Every structure is written in C-alpha cells, then in structure tokens.
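Student: Please find one structure pasted underneath; my questions will follow.
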Amino acid sequence: MDNQIIIKIVLIAALAVFAVFLMLPGSGARHLALRRLSMIGLFAIAVVAVVFPQLINDVANAVGVGRGTDLLLYGLIVVFIGNSLAASRRYRHTEREVTNLARALALAEAPKPGSHQD
Amino acid sequence: MPLYNEGQVVREVILQARAVFPNIVCVDDGSSDNSADEAAAAGAVVVKHPINLGQGAALQTGLDYAMSDPSAEFFVTFDSDGQHGLDDALAMVTRLSEEPVDVIIGSRFLDGRTKPGRIKKVVLKLAVIFENVSTGVRLTDAHNGLRALNRRAVSVIRIEQNRMAHASEIVAKIGQNKLRYAEHPVHIIYTDYSRAKGQSVWNLVNILNDLIFK
Ligand SMILES: Nc1nc2c(ncn2[C@@H]2O[C@H](COP(=O)(O)OP(=O)(O)OP(=O)(O)O)[C@@H](O)[C@H]2O)c(=O)[nH]1
Ligand SMILES: [Mg+2]
C-alpha cells in the first residue's frame with residue numbers, strides 16, 4: 001500500500017502538465033503535433049492493454065493501484081480532463097476569430113461616419 | 001450603445017439621448033426583436049453584428065466605429081435599456097474635457113440615488129474588492145456601463161472579453177496602461193423592466209470563469 005505514492009505523483013504530474021500547457025501561449029503547429037502524438041500514444045496503450053490484460057494489472061500493482069481496471073479508470077479521467085481543456089482552449093481561439101470576422105463584417109456594412117443622414 | 005433585445009425601450013432612450021449627443025452608434029448584437037429598426041428609426045447609426053457576441057464585443061465594435069471618425073474627441077458608453085441618466089453622461093464628458101483625466105467611470109455607490117437590490121449590492125461590492133486587489137485601480141463600483149473616454153483611453157483599451165467580464169478587463173487595462181482615471185457618481189435607474197431583464201447574479205461565476213481562462 002505504501003507505493004500508492006507513485007500513482008499519486010503520476011496523476012498529479014499529469015494534471016500539472018495540463019495546467020502548464022494551458023498557460024503557455026503555444027504555437028498552432030506544436031499544439032496540433034502534441035495532440036496527434038498523444039492520440040497515437042493512447043492508441044498504442046489501448047492495443048497493449050487489450051493484448052496483454054495481465055500487464056495492466058502488473059503495472060497497477062507496481063504503482064500502488066489495486067487492480068488494472070482502477071488504473072484504466074484513472075487514465076480515462078486524466079485523458080478526459082486533458083481533452084476537455086484542449087477543447088475549451090480551441091473553442092476560445094475560434095471564438096476570437098469569429099468575433100474579429102463578425103466585427104469586420106458589421107463595420108464594413110455600416111455607413112461611413114459623418115455620412116449619416118436622418 | 002450596446003443593444004440586445006431592447007425593442008420596447010430603445011427608441012425612446014435614443015430620442016432623448018440625441019437631444020444631448022448628436023452622434024450615436026448602436027451596436028445591435030443579433031437581437032431577435034425589432035431593436036435594430038427601432039434604433040435606426042430614432043436616428044442612431046446602427047452597426048449590426050451578424051450573430052450575438054456579447055456586450056463586451058459590442059462595445060469594442062462601437063468604439064472602433066466611433067474612432068474611425070477623426071473628429072470624435074470623447075466617447076461615452078451608455079446602456080440602451082434606459083438605466084442611465086443623460087445628465088450624468090453630459091457631466092462626465094464635461095469633466096473629461098476640463099480635468100486632466102483619460103477616462104471617467106460611473107459609480108452608483110458614490111451617492112444615495114441608486115437603489116440596487118440587496119444581493120446585487122453584495123455581489124457588486126465583492127467584485128469591487130476583487131478588482132481593486134487584482135488591478136490596483138481604486139474604484140467603488142465594479143460593473144457600471146456608463147463611462148466616458150478620450151481617444152487615448154479608447155486606443156489603448158482593447159476589449160477582448162466578449163461577454164460581461166469586459167467591465168473588469170477595462171479596469172485592468174486602465175491600470176496596466178497607467179491611464180488617468182476618475183469616478184463620477186451616477187444614478188442607475190432600476191425599473192420593473194430593467195429588473196426583469198437585467199443581469200443575473202449568477203453571471204458572477206461566468207465572469208470569473210472568463211477572467212481566469214483567457
Ligand atoms: N450588444 C449586446 N448588448 C447587450 C448584451 N447583453 C446586454 N446588452 C446591453 O447592455 C446593456 C446593459 O445590459 P444589462 O443586461 O441591463 O446589464 P447591466 O445594466 O450591467 O445589469 P443590471 O444592473 O442588472 O441592469 C443594455 O443596453 C443591453 O441591451 C449582448 O449580449 N450584446
Ligand atoms: Mg441594465
């Protein structure tokens with residue numbers, strides 16, 4: 001039970017990485033690349049987990065989690081949070097672009113200042 | 001003037017305002033009622049967002065428009081729901097032209113005229129403390145839509161908060177850019193109409209969210 005500390009460190013570190021990720025301005029290319037790399041990583045982990053179920057159990061025991069399913073649940077939660085953060089970040093970016101677009105459109109359609117008659 | 005679904009009142013608000021301020025730009029934010037037509041009928045320039053972006057975005061669009069007129073010296077943000085007083089707005093512009101300040105923010109707490117509900121008062125007071133601590137700008141009201149700005153202030157304050165967090169953002173930018181600011185006592189008129197339509201105090205949560213997750 002005393003090696004539970006390992007899983008705690010791993011989980012907290014993962015969440016801390018997300019927090020830092022969220023603060024960084026970040027270039028489009030790096031973000032996209034990191035997103036794709038993590039997708040590939042997840043895919044690989046999923047395949048390994050299906051092929052060698054016992055391996056998951058062993059890893060779980062090594063980091064101080066009782067069962068493999070618990071480890072998978074933790075992993076799922078971390079991935080879910082990370083995905084939510086990335087999605088909301090992308091959403092805010094899109095929103096800013098939509099705002100600029102809508103504003104440009106609105107101003108282009110407005111009468112020139114000074115030309116207004118009533 | 002940010003405008004969103006105020007068709008019932010906006011014509012009267014603009015007609016009265018035009019007697020004092022001849023150049024009025026109203027930013028209709030995808031209203032689903034006849035707000036835009038009413039505003040135009042009252043003689044305002046109406047700039048129309050194709051979709052609803054929020055009050056902050058509307059203010060920035062209106063300021064962009066007004067700034068494109070090089071003869072404009074002073075700018076006033078004024079609610080279209082009839083909650084603001086023209087005498088207050090005029091006094092603020094007069095002060096702006098006479099005193100060495102860049103921006104004047106209205107405050108409903110400097111005299112006893114305004115009667116906000118109790119919960120609203122508490123929320124606003126908490127928000128004031130938050131803003132004072134986080135921006136270093138000392139104000140007594142946190143979310144007052146009545147402001148007067150000169151060209152310098154408008155050019156350095158770029159509103160990026162589309163929704164209600166723009167009020168705190170403006171205060172923060174006043175601090176960051178070391179603008180010279182002052183407060184002016186204003187009367188916010190709470191009618192049944194405005195109380196029914198006004199901001200829910202739940203917006204506090206949304207505002208904090210917008211401020212934290214930029
Ligand atoms: N353009 C635009 N204007 C808005 C939007 N929401 C509100 N407004 C306008 O902003 C002004 C103030 O809105 P209110 O909802 O009354 O907010 P408030 O005056 O800060 O809050 P109260 O003290 O509760 O009245 C009014 O002129 C509204 O028409 C929006 O989404 N877009
Ligand atoms: Mg109002």
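Lettering and numbering for the structure tokens are positional, with chains as A, B, ... in the shown order, residues counted from 1 in each chain, and ligands counted from 1 in the shown order.
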Taking only C-alpha atoms into account, find every residue of chain B that has an atom no more than 7 Å from chain A, and write it out as a compact mmCIF listing (two decimals) with N, CA, C and O atoms, in the first residue's frame.

Tutor:
```
# COMPACT_ATOMS: atom_id res chain seq x y z
N GLY B 43 -32.84 57.47 -35.13
CA GLY B 43 -31.78 58.31 -35.69
C GLY B 43 -30.37 57.93 -35.30
O GLY B 43 -29.44 58.72 -35.50
N VAL B 47 -24.92 49.57 -36.18
CA VAL B 47 -23.94 48.60 -36.68
C VAL B 47 -24.43 47.25 -36.20
O VAL B 47 -24.73 47.09 -35.01
N LYS B 48 -24.53 46.29 -37.13
CA LYS B 48 -25.17 45.02 -36.75
C LYS B 48 -24.19 43.86 -36.73
O LYS B 48 -23.64 43.49 -37.77
N HIS B 49 -24.01 43.28 -35.58
CA HIS B 49 -23.29 42.01 -35.54
C HIS B 49 -24.18 40.94 -36.17
O HIS B 49 -25.37 40.87 -35.84
N PRO B 50 -23.61 40.09 -37.02
CA PRO B 50 -24.44 39.05 -37.64
C PRO B 50 -24.92 38.01 -36.63
O PRO B 50 -25.93 37.35 -36.86
N LEU B 53 -22.61 38.27 -29.95
CA LEU B 53 -21.25 38.07 -29.45
C LEU B 53 -21.13 38.46 -27.98
O LEU B 53 -20.23 38.02 -27.29
N THR B 61 -16.85 47.02 -30.85
CA THR B 61 -17.25 47.34 -32.23
C THR B 61 -17.71 48.80 -32.32
O THR B 61 -17.32 49.53 -33.24
N TYR B 65 -15.97 51.83 -34.46
CA TYR B 65 -16.70 52.67 -35.41
C TYR B 65 -16.51 54.15 -35.09
O TYR B 65 -16.19 54.95 -35.96
N ASP B 69 -14.04 58.01 -36.93
CA ASP B 69 -14.34 59.42 -37.22
C ASP B 69 -13.27 60.26 -36.54
O ASP B 69 -13.24 60.40 -35.32
```

Student: What does the list of residues within 7 Å of ligand 1 look like if you count only C-alpha atoms and all ligand atoms, written as a PyMOL selection string?

Tutor: chain B and resi 1-6+27-29+52-55+58+79-81+83+143-145+163+194-195+197-200

Student: Nearest to Thr77 in chain B: which of B:Pro100, B:Gly106, B:Gly175, B:Pro185 is it, counting only C-alpha atoms?

Tutor: B:Gly106

Student: Residues within 9 Å of range 126-128 of chain B, please, as a list in words. Count only C-alpha atoms; anything in the same chain fewer than 2 positions from it doesn't count.

Tutor: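 My list of contacting residues is Lys121, Val122, Val123, Leu124, Phe130, Glu131, Asn132, Val133, Arg138, Leu139, Thr140, Asp141, Ala142, His143, Ser168 and Leu204 of chain B.
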
Student: Counting only C-alpha atoms, which residue out of B:Trp202, B:Phe21, B:Tyr190, B:Tyr181 sits closest to Gly82 in chain B?

Tutor: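 Among the listed residues, B:Tyr190 lies closest to Gly82 in chain B.
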
Student: So that I can check the secondary structure, give me every residue of range 147-201 of chain B assigned alpha helix (DSSP H) by backbone DSSP, as a PDB file with N, CA and C atoms, in the first residue's frame.

Tutor:
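Contents of states.pdb, freshly written:
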```
ATOM      1  N   ARG B 151      -9.725  59.830 -26.678  1.00  0.00           N
ATOM      2  CA  ARG B 151      -9.156  58.983 -27.736  1.00  0.00           C
ATOM      3  C   ARG B 151      -8.019  58.104 -27.225  1.00  0.00           C
ATOM      4  N   ARG B 152      -7.211  58.710 -26.355  1.00  0.00           N
ATOM      5  CA  ARG B 152      -6.081  57.947 -25.836  1.00  0.00           C
ATOM      6  C   ARG B 152      -6.567  56.701 -25.112  1.00  0.00           C
ATOM      7  N   ALA B 153      -7.583  56.877 -24.261  1.00  0.00           N
ATOM      8  CA  ALA B 153      -8.096  55.737 -23.498  1.00  0.00           C
ATOM      9  C   ALA B 153      -8.675  54.676 -24.427  1.00  0.00           C
ATOM     10  N   VAL B 154      -9.464  55.113 -25.402  1.00  0.00           N
ATOM     11  CA  VAL B 154     -10.079  54.124 -26.301  1.00  0.00           C
ATOM     12  C   VAL B 154      -9.013  53.383 -27.095  1.00  0.00           C
ATOM     13  N   SER B 155      -7.949  54.102 -27.479  1.00  0.00           N
ATOM     14  CA  SER B 155      -6.964  53.417 -28.311  1.00  0.00           C
ATOM     15  C   SER B 155      -6.131  52.404 -27.534  1.00  0.00           C
ATOM     16  N   VAL B 156      -5.979  52.579 -26.227  1.00  0.00           N
ATOM     17  CA  VAL B 156      -5.187  51.568 -25.511  1.00  0.00           C
ATOM     18  C   VAL B 156      -6.040  50.478 -24.857  1.00  0.00           C
ATOM     19  N   HIS B 166     -15.930  42.059 -19.560  1.00  0.00           N
ATOM     20  CA  HIS B 166     -15.243  43.228 -20.122  1.00  0.00           C
ATOM     21  C   HIS B 166     -15.115  44.356 -19.100  1.00  0.00           C
ATOM     22  N   ALA B 167     -16.068  44.434 -18.171  1.00  0.00           N
ATOM     23  CA  ALA B 167     -16.010  45.539 -17.207  1.00  0.00           C
ATOM     24  C   ALA B 167     -14.730  45.452 -16.371  1.00  0.00           C
ATOM     25  N   SER B 168     -14.431  44.241 -15.901  1.00  0.00           N
ATOM     26  CA  SER B 168     -13.194  44.058 -15.140  1.00  0.00           C
ATOM     27  C   SER B 168     -11.973  44.222 -16.043  1.00  0.00           C
ATOM     28  N   GLU B 169     -12.111  43.780 -17.281  1.00  0.00           N
ATOM     29  CA  GLU B 169     -10.991  43.903 -18.219  1.00  0.00           C
ATOM     30  C   GLU B 169     -10.639  45.378 -18.455  1.00  0.00           C
ATOM     31  N   ILE B 170     -11.672  46.208 -18.590  1.00  0.00           N
ATOM     32  CA  ILE B 170     -11.419  47.637 -18.806  1.00  0.00           C
ATOM     33  C   ILE B 170     -10.659  48.219 -17.612  1.00  0.00           C
ATOM     34  N   VAL B 171     -11.107  47.861 -16.409  1.00  0.00           N
ATOM     35  CA  VAL B 171     -10.431  48.360 -15.213  1.00  0.00           C
ATOM     36  C   VAL B 171      -8.970  47.899 -15.209  1.00  0.00           C
ATOM     37  N   ALA B 172      -8.750  46.633 -15.555  1.00  0.00           N
ATOM     38  CA  ALA B 172      -7.385  46.104 -15.567  1.00  0.00           C
ATOM     39  C   ALA B 172      -6.530  46.880 -16.571  1.00  0.00           C
ATOM     40  N   LYS B 173      -7.097  47.185 -17.714  1.00  0.00           N
ATOM     41  CA  LYS B 173      -6.309  47.875 -18.743  1.00  0.00           C
ATOM     42  C   LYS B 173      -6.053  49.339 -18.388  1.00  0.00           C
ATOM     43  N   ILE B 174      -6.975  49.916 -17.625  1.00  0.00           N
ATOM     44  CA  ILE B 174      -6.712  51.270 -17.121  1.00  0.00           C
ATOM     45  C   ILE B 174      -5.450  51.234 -16.256  1.00  0.00           C
ATOM     46  N   GLY B 175      -5.360  50.189 -15.413  1.00  0.00           N
ATOM     47  CA  GLY B 175      -4.191  50.056 -14.548  1.00  0.00           C
ATOM     48  C   GLY B 175      -2.927  49.768 -15.328  1.00  0.00           C
ATOM     49  N   GLN B 176      -2.991  48.795 -16.236  1.00  0.00           N
ATOM     50  CA  GLN B 176      -1.797  48.395 -16.992  1.00  0.00           C
ATOM     51  C   GLN B 176      -1.225  49.555 -17.796  1.00  0.00           C
ATOM     52  N   ASP B 192     -39.077  48.197 -13.268  1.00  0.00           N
ATOM     53  CA  ASP B 192     -39.502  46.797 -13.354  1.00  0.00           C
ATOM     54  C   ASP B 192     -38.957  46.167 -14.632  1.00  0.00           C
ATOM     55  N   TYR B 193     -38.952  46.979 -15.707  1.00  0.00           N
ATOM     56  CA  TYR B 193     -38.446  46.475 -16.984  1.00  0.00           C
ATOM     57  C   TYR B 193     -36.995  46.034 -16.860  1.00  0.00           C
ATOM     58  N   SER B 194     -36.161  46.905 -16.287  1.00  0.00           N
ATOM     59  CA  SER B 194     -34.732  46.578 -16.237  1.00  0.00           C
ATOM     60  C   SER B 194     -34.452  45.476 -15.219  1.00  0.00           C
ATOM     61  N   ARG B 195     -35.236  45.453 -14.157  1.00  0.00           N
ATOM     62  CA  ARG B 195     -35.018  44.402 -13.170  1.00  0.00           C
ATOM     63  C   ARG B 195     -35.348  43.032 -13.753  1.00  0.00           C
ATOM     64  N   ALA B 196     -36.416  43.017 -14.570  1.00  0.00           N
ATOM     65  CA  ALA B 196     -36.813  41.741 -15.169  1.00  0.00           C
ATOM     66  C   ALA B 196     -35.775  41.276 -16.180  1.00  0.00           C
ATOM     67  N   LYS B 197     -35.119  42.245 -16.864  1.00  0.00           N
ATOM     68  CA  LYS B 197     -34.213  41.882 -17.948  1.00  0.00           C
ATOM     69  C   LYS B 197     -32.753  41.836 -17.544  1.00  0.00           C
TER      70      LYS B 197
END
```

Student: Env of range 50-64 of chain A: 10 Å cut, atoms = only C-alpha atoms, seq-sep filter 2 positions within chain, self excluded. Answer as a short mmCIF file (atom, residue, chain, number, x, y, z; two decimals) with N, CA and C atoms, in the first residue's frame.

Tutor:
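Wrote around20.cif, looks like this:
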```
data_model
loop_
_atom_site.label_atom_id
_atom_site.label_comp_id
_atom_site.auth_asym_id
_atom_site.auth_seq_id
_atom_site.Cartn_x
_atom_site.Cartn_y
_atom_site.Cartn_z
N MET A 1 0.82 -1.21 0.00
CA MET A 1 0.00 0.00 0.00
C MET A 1 0.85 1.26 0.00
N ASP A 2 2.10 1.14 0.56
CA ASP A 2 2.88 2.36 0.68
C ASP A 2 3.39 2.87 -0.66
N ASN A 3 3.33 2.02 -1.72
CA ASN A 3 3.75 2.56 -3.01
C ASN A 3 2.61 3.27 -3.75
N GLN A 4 1.49 3.49 -3.03
CA GLN A 4 0.42 4.32 -3.59
C GLN A 4 0.92 5.70 -3.96
N ILE A 5 1.97 6.10 -3.26
CA ILE A 5 2.53 7.43 -3.53
C ILE A 5 2.90 7.59 -5.00
N ILE A 6 3.29 6.47 -5.64
CA ILE A 6 3.71 6.56 -7.05
C ILE A 6 2.54 7.03 -7.93
N ILE A 7 1.38 6.38 -7.75
CA ILE A 7 0.25 6.76 -8.60
C ILE A 7 -0.16 8.20 -8.32
N LYS A 8 -0.05 8.58 -7.05
CA LYS A 8 -0.42 9.97 -6.73
C LYS A 8 0.47 10.94 -7.48
N ILE A 9 1.77 10.64 -7.45
CA ILE A 9 2.71 11.54 -8.14
C ILE A 9 2.40 11.57 -9.64
N VAL A 10 2.18 10.39 -10.19
CA VAL A 10 1.93 10.32 -11.64
C VAL A 10 0.69 11.14 -12.02
N ILE A 45 -1.33 2.38 -26.20
CA ILE A 45 -1.62 1.86 -24.86
C ILE A 45 -2.88 0.98 -24.90
N ALA A 46 -3.88 1.43 -25.65
CA ALA A 46 -5.12 0.68 -25.74
C ALA A 46 -4.87 -0.71 -26.34
N VAL A 47 -4.06 -0.75 -27.40
CA VAL A 47 -3.77 -2.03 -28.04
C VAL A 47 -3.04 -2.96 -27.06
N VAL A 48 -2.03 -2.42 -26.39
CA VAL A 48 -1.26 -3.24 -25.44
C VAL A 48 -2.19 -3.77 -24.35
N GLY A 66 -4.66 -1.03 -6.77
CA GLY A 66 -5.05 -2.42 -6.57
C GLY A 66 -5.22 -3.20 -7.84
N ARG A 67 -6.11 -2.74 -8.71
CA ARG A 67 -6.45 -3.54 -9.87
C ARG A 67 -6.19 -2.78 -11.16
N GLY A 68 -6.06 -3.54 -12.25
CA GLY A 68 -5.84 -2.93 -13.56
C GLY A 68 -6.99 -2.03 -13.97
N THR A 69 -8.23 -2.46 -13.64
CA THR A 69 -9.38 -1.64 -14.05
C THR A 69 -9.33 -0.27 -13.38
N ASP A 70 -8.86 -0.25 -12.12
CA ASP A 70 -8.76 1.06 -11.45
C ASP A 70 -7.77 1.96 -12.18
N LEU A 71 -6.66 1.36 -12.58
CA LEU A 71 -5.65 2.14 -13.30
C LEU A 71 -6.24 2.68 -14.60
N LEU A 72 -6.99 1.84 -15.29
CA LEU A 72 -7.62 2.29 -16.54
C LEU A 72 -8.58 3.44 -16.27
#
```

Student: In Å, with one decimal, what is the gap from CA of Leu73 in chain A to CA of Leu11 in chain A?

Tutor: 11.7 Å
